[in-house]
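What follows is a short report on a single structure.
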Amino acid sequence: MTDSTYWNPILETLPREKIRKLQIKKFRKIFQWAYDHSKFHRQLYDDAGITPKDIRSFEDIRRVPTVEKSMMRDIQGKDPFPYGEALCVPLEEVTIFRQTSGTTGQPVYQPDTWQDWEWWMECWSYILWAQGYRPRDRVFIPFGYNIFVAFWAGHYAAEKIGCEVIPGGVLDTKARILKIQELRATAMMGTPTYILGMAETARSKMGIDPSQLTIDKITCAGECGASIPSTKKRLEDAWNAKVYDHAGATEIGAWSFECAEQPGGMHVNEAMFLVEIEDVETGEIIEEPGRRGKMIITALDRQAQPCVRFDSKDVIEWAAESCACGRSARLIKGGVVGRADDITKVKGVLLAPSAIEEVVRSVDGLGDEYEVIVDKDGDAERIQLKVEVLDDKPDPDQCRLIETELADQLRLKTNLRYDIEICGCETLPRYEVKAKRFKDLRKSKNEK
Ligand SMILES: [Zn+2]
């Protein structure tokens, strides 16, 4: 295989108007497929009065009803067990079971055929190749593989492009670090939280400086962190490696990635996915850069359980600039900036948890962990922020300085005031998969 810049030089540099034509063509095909094979989709589209012959333009696509996770949850467990009425292939063609993490409720099952699985690997091959993975790389995966999709497709794609893959599944953190050292692994994949935690374990419990190990690139997924500049910097400094973001989801696929240029955002893989951004208030589709909305996404080639105009609740915006890497696929600025469910009004001001992370991780002297608790007492709302100092025995003067800097930066970036609590070193909870650092206690009070 040649060492070209692109995994698929034709699709990745296709002129914009050709990508758009391809998207309409593929959308029509997957829409027809879902209409013909899924009772659930046919009912949804018949109720809306839309049939495959109505789809000719992006305007037509916008009239296709969106699907929410809760709708998928409702049809599961029905025939054919356990997937229900959105299954588009005979059960015997299903070869892979995965489920969503269930962070927002009952998990959703995801069936894939072998062809779908090959599609997953192909999508991930774009990602890894764009981030500089090549056959000479030795990739370590420090993740407990299980019923969730993370990082199975990354594993198989790394093999597909010719890398050597070391599955670090059941090893504990220390054993993983020793294996990376022993085998001189050059790349790894993980959640930003876990990769930061690994560096902390190496330094504080093993006397190993992770920046001296041989890892030179890290693919992060599962959380927004690798697109938050201060978190990216912490990760890169800790490991002396390039850190790249990727966003994907069980029910969607691996739809976006940061390339080696690190352009301050992620490319949408537009040959494989149609991404639309919807204004949360008006429902209008946003075409112009710089306006945030929630992502409505279609996986253009996935068959067993199609993903057609799925309301992902991920908040994104188009970037104005194109990328120096030469890929023609559009960039989303700053990656996924949050979940529509997490972006909440506090004291009348819109607050995205990622903005707090950006500030906390930019302050010297603070550890990587933090916790945000939004609460109310009668009508008065308050935000409590807990952070950790790095020092075992912190100097009170230094703590005051940190507190002042945090308060100033937070007011500047979020227009809100916080009750800041400076906690001792390593006192806040640690997370391996999806960190839960943002707690909104107002919701449970409203329900009472
Ligand atoms: Zn690029």
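Chain identifiers are assigned as A, B, and so on, following the order in which chains appear in the structure tokens; residues are numbered from 1 within each chain, and ligands are numbered from 1 in order of appearance.
With only C-alpha atoms and all ligand atoms as the atoms that count, the set of residues no farther than 9 Å from ligand 1 is A:Ala130, A:Phe257, A:Glu258, A:Cys259, A:Ala260, A:Glu261, A:Gln262, A:Pro263, A:Gly265, A:Met266, A:His267, A:Ser322, A:Cys323, A:Ala324, A:Cys325, A:Gly326, A:Arg327, A:Ser328, A:Ala329, A:Arg330, A:Leu331.
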Written selection (all heavy atoms) as a short mmCIF file (atom, residue, chain, number, x, y, z; two decimals), in the first residue's frame:
data_model
loop_
_atom_site.label_atom_id
_atom_site.label_comp_id
_atom_site.auth_asym_id
_atom_site.auth_seq_id
_atom_site.Cartn_x
_atom_site.Cartn_y
_atom_site.Cartn_z
N ALA A 130 -6.32 9.28 8.36
CA ALA A 130 -6.24 10.75 8.43
C ALA A 130 -5.41 11.21 9.63
O ALA A 130 -4.86 12.31 9.63
CB ALA A 130 -7.64 11.35 8.50
N PHE A 257 -14.14 12.89 12.29
CA PHE A 257 -12.78 12.73 12.80
C PHE A 257 -11.97 14.00 12.61
O PHE A 257 -12.21 14.77 11.69
CB PHE A 257 -12.07 11.57 12.09
CG PHE A 257 -12.01 11.74 10.58
CD1 PHE A 257 -10.96 12.42 9.98
CD2 PHE A 257 -13.02 11.22 9.77
CE1 PHE A 257 -10.91 12.57 8.60
CE2 PHE A 257 -12.98 11.37 8.39
CZ PHE A 257 -11.92 12.05 7.80
N GLU A 258 -11.01 14.16 13.48
CA GLU A 258 -10.03 15.23 13.33
C GLU A 258 -8.90 14.67 12.47
O GLU A 258 -8.54 13.51 12.62
CB GLU A 258 -9.50 15.58 14.72
CG GLU A 258 -8.61 16.80 14.75
CD GLU A 258 -8.21 17.16 16.18
OE1 GLU A 258 -8.64 16.49 17.14
OE2 GLU A 258 -7.43 18.11 16.32
N CYS A 259 -8.37 15.48 11.56
CA CYS A 259 -7.26 15.00 10.72
C CYS A 259 -5.94 15.47 11.32
O CYS A 259 -5.92 16.19 12.30
CB CYS A 259 -7.42 15.52 9.30
SG CYS A 259 -7.25 17.32 9.22
N ALA A 260 -4.84 15.06 10.70
CA ALA A 260 -3.52 15.36 11.24
C ALA A 260 -3.21 16.86 11.27
O ALA A 260 -2.31 17.30 11.98
CB ALA A 260 -2.45 14.62 10.44
N GLU A 261 -3.95 17.67 10.51
CA GLU A 261 -3.73 19.12 10.54
C GLU A 261 -4.24 19.74 11.83
O GLU A 261 -3.97 20.91 12.11
CB GLU A 261 -4.46 19.80 9.36
CG GLU A 261 -3.91 19.45 7.99
CD GLU A 261 -2.55 20.10 7.72
OE1 GLU A 261 -2.25 21.14 8.32
OE2 GLU A 261 -1.81 19.53 6.91
N GLN A 262 -5.02 19.03 12.58
CA GLN A 262 -5.65 19.55 13.81
C GLN A 262 -6.26 20.94 13.57
O GLN A 262 -5.83 21.94 14.15
CB GLN A 262 -4.63 19.60 14.95
CG GLN A 262 -4.13 18.21 15.33
CD GLN A 262 -3.23 18.22 16.54
OE1 GLN A 262 -2.28 18.98 16.59
NE2 GLN A 262 -3.50 17.37 17.51
N PRO A 263 -7.27 21.00 12.70
CA PRO A 263 -7.80 22.30 12.28
C PRO A 263 -8.75 22.96 13.28
O PRO A 263 -9.43 23.93 12.93
CB PRO A 263 -8.55 21.95 10.99
CG PRO A 263 -9.02 20.55 11.21
CD PRO A 263 -7.99 19.87 12.07
N GLY A 265 -11.28 21.40 14.72
CA GLY A 265 -12.61 20.82 14.52
C GLY A 265 -12.47 19.45 13.90
O GLY A 265 -11.36 18.94 13.73
N MET A 266 -13.61 18.87 13.54
CA MET A 266 -13.59 17.53 12.94
C MET A 266 -14.25 17.54 11.57
O MET A 266 -15.22 18.26 11.34
CB MET A 266 -14.36 16.56 13.84
CG MET A 266 -13.67 16.29 15.16
SD MET A 266 -14.38 14.85 16.00
CE MET A 266 -15.94 15.49 16.52
N HIS A 267 -13.72 16.70 10.68
CA HIS A 267 -14.37 16.50 9.39
C HIS A 267 -15.56 15.58 9.59
O HIS A 267 -15.47 14.59 10.31
CB HIS A 267 -13.44 15.79 8.41
CG HIS A 267 -12.32 16.64 7.90
ND1 HIS A 267 -12.50 17.56 6.90
CD2 HIS A 267 -11.01 16.71 8.24
CE1 HIS A 267 -11.35 18.16 6.64
NE2 HIS A 267 -10.43 17.67 7.44
N SER A 322 -12.16 25.94 5.18
CA SER A 322 -11.89 24.57 4.74
C SER A 322 -10.56 24.16 5.37
O SER A 322 -9.89 24.96 6.01
CB SER A 322 -11.84 24.50 3.22
OG SER A 322 -10.91 25.43 2.75
N CYS A 323 -10.18 22.90 5.19
CA CYS A 323 -9.02 22.40 5.93
C CYS A 323 -7.80 22.30 5.02
O CYS A 323 -7.91 21.94 3.84
CB CYS A 323 -9.35 21.04 6.52
SG CYS A 323 -8.06 20.37 7.57
N ALA A 324 -6.63 22.56 5.60
CA ALA A 324 -5.38 22.52 4.85
C ALA A 324 -5.03 21.11 4.35
O ALA A 324 -4.19 20.96 3.47
CB ALA A 324 -4.25 23.06 5.72
N CYS A 325 -5.69 20.09 4.88
CA CYS A 325 -5.35 18.72 4.50
C CYS A 325 -5.85 18.39 3.09
O CYS A 325 -5.47 17.38 2.52
CB CYS A 325 -5.93 17.72 5.49
SG CYS A 325 -7.73 17.54 5.37
N GLY A 326 -6.76 19.22 2.57
CA GLY A 326 -7.26 18.99 1.21
C GLY A 326 -8.52 18.15 1.14
O GLY A 326 -9.08 17.96 0.06
N ARG A 327 -8.97 17.65 2.30
CA ARG A 327 -10.25 16.90 2.27
C ARG A 327 -11.37 17.88 1.97
O ARG A 327 -11.41 18.98 2.54
CB ARG A 327 -10.50 16.20 3.61
CG ARG A 327 -9.64 14.96 3.78
CD ARG A 327 -9.81 14.27 5.12
NE ARG A 327 -8.90 13.12 5.14
CZ ARG A 327 -7.60 13.22 5.37
NH1 ARG A 327 -7.07 14.39 5.66
NH2 ARG A 327 -6.84 12.14 5.31
N SER A 328 -12.30 17.47 1.13
CA SER A 328 -13.38 18.39 0.79
C SER A 328 -14.55 18.29 1.76
O SER A 328 -15.45 19.12 1.74
CB SER A 328 -13.85 18.14 -0.65
OG SER A 328 -14.05 16.75 -0.85
N ALA A 329 -14.55 17.28 2.62
CA ALA A 329 -15.64 17.14 3.59
C ALA A 329 -15.61 18.30 4.59
O ALA A 329 -14.54 18.70 5.04
CB ALA A 329 -15.50 15.82 4.33
N ARG A 330 -16.79 18.81 4.91
CA ARG A 330 -16.88 19.97 5.79
C ARG A 330 -16.37 19.68 7.21
O ARG A 330 -16.40 18.54 7.67
CB ARG A 330 -18.33 20.45 5.88
CG ARG A 330 -18.68 21.42 4.78
CD ARG A 330 -20.12 21.87 4.89
NE ARG A 330 -21.04 20.77 4.67
CZ ARG A 330 -22.37 20.90 4.65
NH1 ARG A 330 -22.92 22.07 4.87
NH2 ARG A 330 -23.14 19.88 4.43
N LEU A 331 -15.98 20.76 7.88
CA LEU A 331 -15.52 20.67 9.26
C LEU A 331 -16.61 21.16 10.19
O LEU A 331 -17.31 22.13 9.87
CB LEU A 331 -14.31 21.57 9.49
CG LEU A 331 -12.98 21.22 8.85
CD1 LEU A 331 -12.02 22.39 9.00
CD2 LEU A 331 -12.38 19.99 9.53
#
(message) So that I can see what lies close to region 189-195 of chain A, please list as number ranges by chain the residues with an atom at most 7 Å from it, counting only C-alpha atoms and leaving out residues fewer than 4 positions away in the same chain.
(response) A: 141-143, 199, 218-223, 225-226, 431-433
(request) Kindly indicate which residue among A:Leu44, A:Ile402, A:Leu178, A:Val315 lies nearest to Asp341 (chain A), using only C-alpha atoms for the distances. (result) A:Val315
Residues near Ile96 (chain A), anyone? I mean within 10 Å using only C-alpha atoms, not counting same-chain ones fewer than 4 positions away, as an mmCIF file with all heavy atoms, in the first residue's frame.
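Okay, this is what ended up in out.cif:
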data_model
loop_
_atom_site.group_PDB
_atom_site.id
_atom_site.type_symbol
_atom_site.label_atom_id
_atom_site.label_comp_id
_atom_site.auth_asym_id
_atom_site.auth_seq_id
_atom_site.Cartn_x
_atom_site.Cartn_y
_atom_site.Cartn_z
ATOM 1 N N GLN A 110 -28.467 -2.755 19.059
ATOM 2 C CA GLN A 110 -28.060 -2.426 17.709
ATOM 3 C C GLN A 110 -27.587 -3.675 16.976
ATOM 4 O O GLN A 110 -26.528 -4.209 17.279
ATOM 5 C CB GLN A 110 -26.930 -1.391 17.737
ATOM 6 C CG GLN A 110 -26.468 -0.950 16.365
ATOM 7 C CD GLN A 110 -27.526 -0.134 15.630
ATOM 8 O OE1 GLN A 110 -28.120 0.766 16.215
ATOM 9 N NE2 GLN A 110 -27.771 -0.442 14.366
ATOM 10 N N PRO A 111 -28.368 -4.158 16.021
ATOM 11 C CA PRO A 111 -27.918 -5.294 15.220
ATOM 12 C C PRO A 111 -27.119 -4.816 14.008
ATOM 13 O O PRO A 111 -27.443 -3.766 13.440
ATOM 14 C CB PRO A 111 -29.241 -5.902 14.744
ATOM 15 C CG PRO A 111 -30.169 -4.725 14.631
ATOM 16 C CD PRO A 111 -29.730 -3.711 15.652
ATOM 17 N N ASP A 112 -26.107 -5.548 13.632
ATOM 18 C CA ASP A 112 -25.394 -5.268 12.380
ATOM 19 C C ASP A 112 -25.182 -6.564 11.626
ATOM 20 O O ASP A 112 -24.961 -7.612 12.241
ATOM 21 C CB ASP A 112 -24.030 -4.620 12.653
ATOM 22 C CG ASP A 112 -24.128 -3.118 12.910
ATOM 23 O OD1 ASP A 112 -24.791 -2.422 12.125
ATOM 24 O OD2 ASP A 112 -23.537 -2.643 13.899
ATOM 25 N N THR A 113 -25.226 -6.479 10.301
ATOM 26 C CA THR A 113 -24.847 -7.636 9.485
ATOM 27 C C THR A 113 -23.330 -7.586 9.300
ATOM 28 O O THR A 113 -22.689 -6.601 9.658
ATOM 29 C CB THR A 113 -25.473 -7.552 8.084
ATOM 30 O OG1 THR A 113 -24.965 -6.366 7.455
ATOM 31 C CG2 THR A 113 -26.990 -7.469 8.160
ATOM 32 N N TRP A 114 -22.785 -8.615 8.691
ATOM 33 C CA TRP A 114 -21.344 -8.597 8.442
ATOM 34 C C TRP A 114 -20.989 -7.452 7.488
ATOM 35 O O TRP A 114 -19.959 -6.792 7.654
ATOM 36 C CB TRP A 114 -20.842 -9.939 7.900
ATOM 37 C CG TRP A 114 -19.356 -9.907 7.778
ATOM 38 C CD1 TRP A 114 -18.614 -9.853 6.647
ATOM 39 C CD2 TRP A 114 -18.413 -9.845 8.877
ATOM 40 N NE1 TRP A 114 -17.278 -9.764 6.948
ATOM 41 C CE2 TRP A 114 -17.125 -9.759 8.321
ATOM 42 C CE3 TRP A 114 -18.541 -9.847 10.272
ATOM 43 C CZ2 TRP A 114 -15.972 -9.678 9.097
ATOM 44 C CZ3 TRP A 114 -17.398 -9.761 11.050
ATOM 45 C CH2 TRP A 114 -16.135 -9.686 10.462
ATOM 46 N N ASP A 116 -22.524 -4.583 7.317
ATOM 47 C CA ASP A 116 -22.513 -3.368 8.135
ATOM 48 C C ASP A 116 -21.207 -3.250 8.914
ATOM 49 O O ASP A 116 -20.657 -2.166 9.083
ATOM 50 C CB ASP A 116 -23.662 -3.392 9.166
ATOM 51 C CG ASP A 116 -25.035 -3.201 8.532
ATOM 52 O OD1 ASP A 116 -25.130 -2.502 7.508
ATOM 53 O OD2 ASP A 116 -26.004 -3.763 9.079
ATOM 54 N N TRP A 117 -20.762 -4.391 9.417
ATOM 55 C CA TRP A 117 -19.543 -4.373 10.228
ATOM 56 C C TRP A 117 -18.337 -3.981 9.369
ATOM 57 O O TRP A 117 -17.465 -3.220 9.791
ATOM 58 C CB TRP A 117 -19.351 -5.722 10.929
ATOM 59 C CG TRP A 117 -18.217 -5.681 11.904
ATOM 60 C CD1 TRP A 117 -17.105 -6.455 11.902
ATOM 61 C CD2 TRP A 117 -18.076 -4.784 13.019
ATOM 62 N NE1 TRP A 117 -16.276 -6.102 12.937
ATOM 63 C CE2 TRP A 117 -16.850 -5.075 13.632
ATOM 64 C CE3 TRP A 117 -18.858 -3.749 13.539
ATOM 65 C CZ2 TRP A 117 -16.387 -4.382 14.753
ATOM 66 C CZ3 TRP A 117 -18.396 -3.048 14.659
ATOM 67 C CH2 TRP A 117 -17.175 -3.378 15.248
ATOM 68 N N ILE A 147 -19.973 -5.291 25.424
ATOM 69 C CA ILE A 147 -21.179 -5.198 24.590
ATOM 70 C C ILE A 147 -21.362 -3.825 23.945
ATOM 71 O O ILE A 147 -22.252 -3.633 23.132
ATOM 72 C CB ILE A 147 -22.467 -5.539 25.389
ATOM 73 C CG1 ILE A 147 -22.496 -4.749 26.685
ATOM 74 C CG2 ILE A 147 -22.586 -7.021 25.634
ATOM 75 C CD1 ILE A 147 -23.765 -4.948 27.487
ATOM 76 N N VAL A 149 -19.920 -0.583 21.569
ATOM 77 C CA VAL A 149 -19.183 -0.600 20.303
ATOM 78 C C VAL A 149 -17.731 -0.136 20.465
ATOM 79 O O VAL A 149 -16.856 -0.525 19.703
ATOM 80 C CB VAL A 149 -19.944 0.218 19.226
ATOM 81 C CG1 VAL A 149 -19.711 1.695 19.382
ATOM 82 C CG2 VAL A 149 -19.585 -0.267 17.827
#
(request) With a distance cut-off of 12 Å and only C-alpha atoms, select the neighbouring residues of Gly348 (chain A), excluding the residue or stretch itself and same-chain residues fewer than 2 positions from it, and output the selection as JSON, numbers by chain. (result) {"A": [344, 345, 346, 350, 351, 379, 380, 381, 382, 414, 415, 416]}
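Shortest separation to Lys313 (chain A) among A:Asp216, A:Glu287, A:Asp408, A:Asp342 occurs at residue A:Asp342, atoms counted being only C-alpha atoms.
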(request) Per DSSP on the backbone, filter region 66-132 of chain A down to the residues in helix (DSSP H, G or I) and report them as an NGL selection string. (result) :A and (69-75 or 91-93 or 114-130)
(message) I'd like the neighbourhood of region 30-35 of chain A as an NGL selection string, where a residue qualifies if any of its atoms comes within 7 Å (using only C-alpha atoms), though same-chain residues fewer than 2 positions away should be ignored.
(response) :A and (26-28 or 37-38 or 41-42 or 52 or 88 or 300-301 or 306)
Go ahead and save the picked residues with C-alpha atoms, as a short mmCIF file (atom, residue, chain, number, x, y, z; two decimals), in the first residue's frame.
data_model
loop_
_atom_site.label_atom_id
_atom_site.label_comp_id
_atom_site.auth_asym_id
_atom_site.auth_seq_id
_atom_site.Cartn_x
_atom_site.Cartn_y
_atom_site.Cartn_z
CA LYS A 26 -27.42 7.56 -1.35
CA PHE A 27 -30.15 9.08 0.81
CA ARG A 28 -32.78 8.08 -1.70
CA HIS A 37 -37.91 -3.46 4.78
CA SER A 38 -38.77 -1.82 8.11
CA HIS A 41 -40.01 3.30 9.15
CA ARG A 42 -42.80 2.66 6.64
CA PRO A 52 -39.39 7.34 -1.72
CA CYS A 88 -34.46 -4.75 7.79
CA LEU A 300 -26.01 6.48 4.14
CA ASP A 301 -24.94 2.84 3.88
CA PRO A 306 -31.02 1.95 9.38
#
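CA of Ser256 (chain A) to CA of Val268 (chain A) spans 4.4 Å [interatomic distance, one decimal].
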As a CSV table (one decimal) with C-alpha atoms, in the first residue's frame, please: the residues near region 367-374 of chain A (cut-off 9 Å, only C-alpha atoms, same-chain neighbours under 2 positions excluded).
chain,number,residue,atom,x,y,z
A,193,THR,CA,-10.7,11.0,30.8
A,196,LEU,CA,-5.4,11.4,31.4
A,197,GLY,CA,-6.0,9.1,34.3
A,231,THR,CA,-7.8,19.3,27.6
A,234,ARG,CA,-3.0,18.4,28.9
A,346,VAL,CA,-28.9,28.6,34.7
A,353,PRO,CA,-20.6,22.0,30.4
A,356,ILE,CA,-16.4,24.8,32.2
A,357,GLU,CA,-14.0,22.0,31.3
A,360,VAL,CA,-10.7,24.2,34.6
A,361,ARG,CA,-8.1,22.5,32.5
A,364,ASP,CA,-2.1,25.7,36.3
A,365,GLY,CA,-1.9,23.8,39.6
A,376,LYS,CA,-31.7,25.5,43.5
A,381,GLU,CA,-30.1,28.8,41.6
A,382,ARG,CA,-26.5,28.1,42.3
A,383,ILE,CA,-23.6,26.3,40.6
A,384,GLN,CA,-21.1,24.6,42.7
A,385,LEU,CA,-17.7,23.7,41.1
A,386,LYS,CA,-15.3,21.3,42.8
A,387,VAL,CA,-11.8,21.1,41.6
A,388,GLU,CA,-8.7,19.3,42.8
A,389,VAL,CA,-5.2,20.8,43.5
A,390,LEU,CA,-2.2,18.9,42.3
A,391,ASP,CA,-0.2,19.5,45.5
A,425,CYS,CA,-5.3,15.9,45.6
A,426,GLU,CA,-7.1,12.8,44.2
A,428,LEU,CA,-12.9,13.5,43.4
A,429,PRO,CA,-14.3,10.4,41.6
A,430,ARG,CA,-12.3,8.8,38.8
A,436,LYS,CA,-20.4,12.1,34.9
A,437,ARG,CA,-19.0,15.4,36.0
A,438,PHE,CA,-22.1,17.5,35.5
A,439,LYS,CA,-25.1,17.1,37.9
A,440,ASP,CA,-28.3,19.0,37.6
A,441,LEU,CA,-30.2,18.5,40.9
A,442,ARG,CA,-32.9,21.0,39.9
(request) Find the residues around Ala153 (chain A) up to 10 Å (only C-alpha atoms counted), leave out those fewer than 4 positions away in its own chain, and share them as JSON, numbers by chain. (result) {"A": [117, 118, 119, 120, 121, 122, 123, 124, 125, 149, 157, 158, 159, 253, 254]}
With N, CA and C atoms kept, could you save the residues just selected as a CSV table (one decimal), in the first residue's frame?
chain,number,residue,atom,x,y,z
A,117,TRP,N,-20.8,-4.4,9.4
A,117,TRP,CA,-19.5,-4.4,10.2
A,117,TRP,C,-18.3,-4.0,9.4
A,118,GLU,N,-18.3,-4.5,8.1
A,118,GLU,CA,-17.2,-4.1,7.2
A,118,GLU,C,-17.3,-2.6,6.9
A,119,TRP,N,-18.6,-2.1,6.9
A,119,TRP,CA,-18.8,-0.6,6.7
A,119,TRP,C,-18.2,0.2,7.9
A,120,TRP,N,-18.5,-0.3,9.1
A,120,TRP,CA,-17.9,0.3,10.3
A,120,TRP,C,-16.4,0.4,10.2
A,121,MET,N,-15.8,-0.7,9.8
A,121,MET,CA,-14.3,-0.8,9.7
A,121,MET,C,-13.8,0.2,8.7
A,122,GLU,N,-14.5,0.3,7.6
A,122,GLU,CA,-14.1,1.2,6.5
A,122,GLU,C,-14.2,2.6,7.0
A,123,CYS,N,-15.3,3.0,7.7
A,123,CYS,CA,-15.4,4.4,8.2
A,123,CYS,C,-14.2,4.7,9.2
A,124,TRP,N,-13.9,3.7,10.0
A,124,TRP,CA,-12.8,3.9,10.9
A,124,TRP,C,-11.4,4.0,10.2
A,125,SER,N,-11.3,3.3,9.1
A,125,SER,CA,-10.1,3.4,8.3
A,125,SER,C,-9.8,4.8,7.8
A,149,VAL,N,-19.9,-0.6,21.6
A,149,VAL,CA,-19.2,-0.6,20.3
A,149,VAL,C,-17.7,-0.1,20.5
A,157,ALA,N,-10.3,-1.8,12.3
A,157,ALA,CA,-9.8,-0.9,11.2
A,157,ALA,C,-8.3,-0.8,11.3
A,158,ALA,N,-7.8,-0.7,12.5
A,158,ALA,CA,-6.3,-0.7,12.6
A,158,ALA,C,-5.7,-1.9,11.9
A,159,GLU,N,-6.3,-3.1,12.2
A,159,GLU,CA,-5.8,-4.3,11.5
A,159,GLU,C,-6.0,-4.1,10.0
A,253,GLY,N,-22.8,5.3,13.8
A,253,GLY,CA,-21.6,4.9,13.1
A,253,GLY,C,-20.5,5.9,13.4
A,254,ALA,N,-19.3,5.7,12.8
A,254,ALA,CA,-18.2,6.5,13.1
A,254,ALA,C,-18.2,7.7,12.1
(message) For the structure I just gave you, how does DSSP split region 40-253 of chain A - specifically, which residues are strand (DSSP E or B)? Reply as a count of residues only.
(response) 37
(request) Using CA of Gly84 (chain A) and CA of Ser312 (chain A) as the two end points, give the distance in Å to one decimal. (result) 20.4 Å
(request) Name the closest residue to Glu270 (chain A) among the candidates A:Lys18, A:Lys333, A:Arg176, A:Arg73; distances are taken between atoms, counting only C-alpha atoms. (result)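 Going through A:Lys18, A:Lys333, A:Arg176, A:Arg73 one by one, the smallest distance to Glu270 (chain A) is for A:Lys18.
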(request) Have a look at CA of Thr298 (chain A) and CA of Ile10 (chain A) and let me know their distance in Å, one decimal. (result) 21.3 Å
(request) Could you check which of A:Ala299, A:Leu412, A:Leu87, A:Ile286 is closest to Ala271 (chain A), using only C-alpha atoms? (result)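 Checking each candidate against Ala271 (chain A), we get A:Ala299 as the closest.
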